[in-house]
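Down below is the structure, laid out as structure tokens.
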Amino acid sequence: MIATIDQVRDPRLGAPAISGVRDGPAHPEPTVPAGAPAFADELAAARSTTAIHFSKHAQRRLESRQINFSEDETSRLRQAFDTLAQRGGRQSLVMLDRLALVVNVPSGTVLTALPADQGKEAVFTQIDSVVIA
């Protein structure tokens, strides 16, 4: 509870017993300029523009298999990262058409890539979520 000047006056002197106490709320409500974007909107925009990085291992895998991402696939991968981040995913498997991608969500990094047709015998460990993009 915040004390006002009236509550902390020294009855003998009639002056405030504690200096630095002021009237009114201790923390006034912040003012936001009209038309300014809300913090939640800014945060969502920052998330959706987060760059996706590929580890050296993932780059080598994609290059050796001559796999390139189209604009649509890149957009869907970014959306998968956003969805995983919103749901609390950390180390996840993203199924993207013909690819299985193990990603680290907080860093925005694709750790490894495996063509889906080679994944019939694959075991993915240390992942906490899966998204089909």
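Ordered as shown in the structure tokens, chains take letters A, B, and onward, while each chain numbers its residues from 1 and ligands are numbered from 1 in the order shown.
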Near-segment 98-101 of chain A list (9 Å; only C-alpha atoms; drop same-chain fewer than 2 positions) as a count of residues only: 16
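Contact shell of Ile52 of chain A at 8 Å (only C-alpha atoms; same-chain neighbours under 6 positions omitted): Arg78, Gly108, Thr109 and Val110 of chain A.
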Restricting the output to C-alpha atoms, write the selected residues as a short mmCIF file (atom, residue, chain, number, x, y, z; two decimals), in the first residue's frame.
```
data_model
loop_
_atom_site.label_atom_id
_atom_site.label_comp_id
_atom_site.auth_asym_id
_atom_site.auth_seq_id
_atom_site.Cartn_x
_atom_site.Cartn_y
_atom_site.Cartn_z
CA ARG A 78 8.12 -19.74 -41.50
CA GLY A 108 14.93 -20.23 -35.74
CA THR A 109 17.37 -22.86 -37.00
CA VAL A 110 16.81 -25.88 -39.22
#
```
Selected residue, from A:Phe124, A:Leu84, A:Arg61, A:Arg76, that lies nearest to Asn104 of chain A when counting only C-alpha atoms: A:Leu84
Selection near Asp97 of chain A, 9 Å with only C-alpha atoms, sequence-local residues under 6 positions removed, as a ChimeraX atom specification: /A:73,116,132-133
Write the residues you've just listed into a file as a PDB file, in the first residue's frame, and include all heavy atoms for each of them.
```pdb
ATOM      1  N   GLU A  73       7.136 -22.829 -50.097  1.00  0.00           N
ATOM      2  CA  GLU A  73       7.681 -23.707 -49.057  1.00  0.00           C
ATOM      3  C   GLU A  73       8.356 -22.897 -47.951  1.00  0.00           C
ATOM      4  O   GLU A  73       8.212 -23.212 -46.771  1.00  0.00           O
ATOM      5  CB  GLU A  73       8.676 -24.698 -49.670  1.00  0.00           C
ATOM      6  CG  GLU A  73       8.011 -25.754 -50.523  1.00  0.00           C
ATOM      7  CD  GLU A  73       9.008 -26.590 -51.299  1.00  0.00           C
ATOM      8  OE1 GLU A  73      10.046 -26.045 -51.738  1.00  0.00           O
ATOM      9  OE2 GLU A  73       8.748 -27.797 -51.450  1.00  0.00           O
ATOM     10  N   ALA A 116      11.500 -37.271 -47.134  1.00  0.00           N
ATOM     11  CA  ALA A 116      10.469 -38.122 -46.517  1.00  0.00           C
ATOM     12  C   ALA A 116      10.566 -39.567 -46.980  1.00  0.00           C
ATOM     13  O   ALA A 116      10.325 -40.487 -46.207  1.00  0.00           O
ATOM     14  CB  ALA A 116       9.084 -37.556 -46.806  1.00  0.00           C
ATOM     15  N   ILE A 132       2.795 -30.506 -39.332  1.00  0.00           N
ATOM     16  CA  ILE A 132       2.728 -30.815 -40.755  1.00  0.00           C
ATOM     17  C   ILE A 132       2.402 -29.520 -41.466  1.00  0.00           C
ATOM     18  O   ILE A 132       1.330 -28.945 -41.256  1.00  0.00           O
ATOM     19  CB  ILE A 132       1.669 -31.905 -41.049  1.00  0.00           C
ATOM     20  CG1 ILE A 132       2.031 -33.168 -40.276  1.00  0.00           C
ATOM     21  CG2 ILE A 132       1.574 -32.156 -42.545  1.00  0.00           C
ATOM     22  CD1 ILE A 132       0.984 -34.245 -40.310  1.00  0.00           C
ATOM     23  N   ALA A 133       3.358 -29.035 -42.246  1.00  0.00           N
ATOM     24  CA  ALA A 133       3.204 -27.717 -42.874  1.00  0.00           C
ATOM     25  C   ALA A 133       2.783 -27.838 -44.325  1.00  0.00           C
ATOM     26  O   ALA A 133       3.092 -28.753 -45.000  1.00  0.00           O
ATOM     27  CB  ALA A 133       4.520 -26.944 -42.777  1.00  0.00           C
TER      28      ALA A 133
END
```
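Closest approach to Val130 of chain A among A:Gln91, A:Gln59, A:Thr74, A:Gln118: A:Gln91, based on only C-alpha atoms.
Here atom CA of Arg90 of chain A is placed at a distance of 6.7 Å from atom CA of Asp128 of chain A.
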Exercise: Ser75 of chain A partners within 12 Å, only C-alpha atoms, chain neighbours under 2 positions left out, as a VMD selection string: chain A and resid 48 to 52 69 to 73 77 to 82 96 133
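Distances from A:Asn68, A:Pro106, A:His57, A:Gln126 to Gln86 of chain A were compared using only C-alpha atoms, and the smallest one belongs to A:Pro106.
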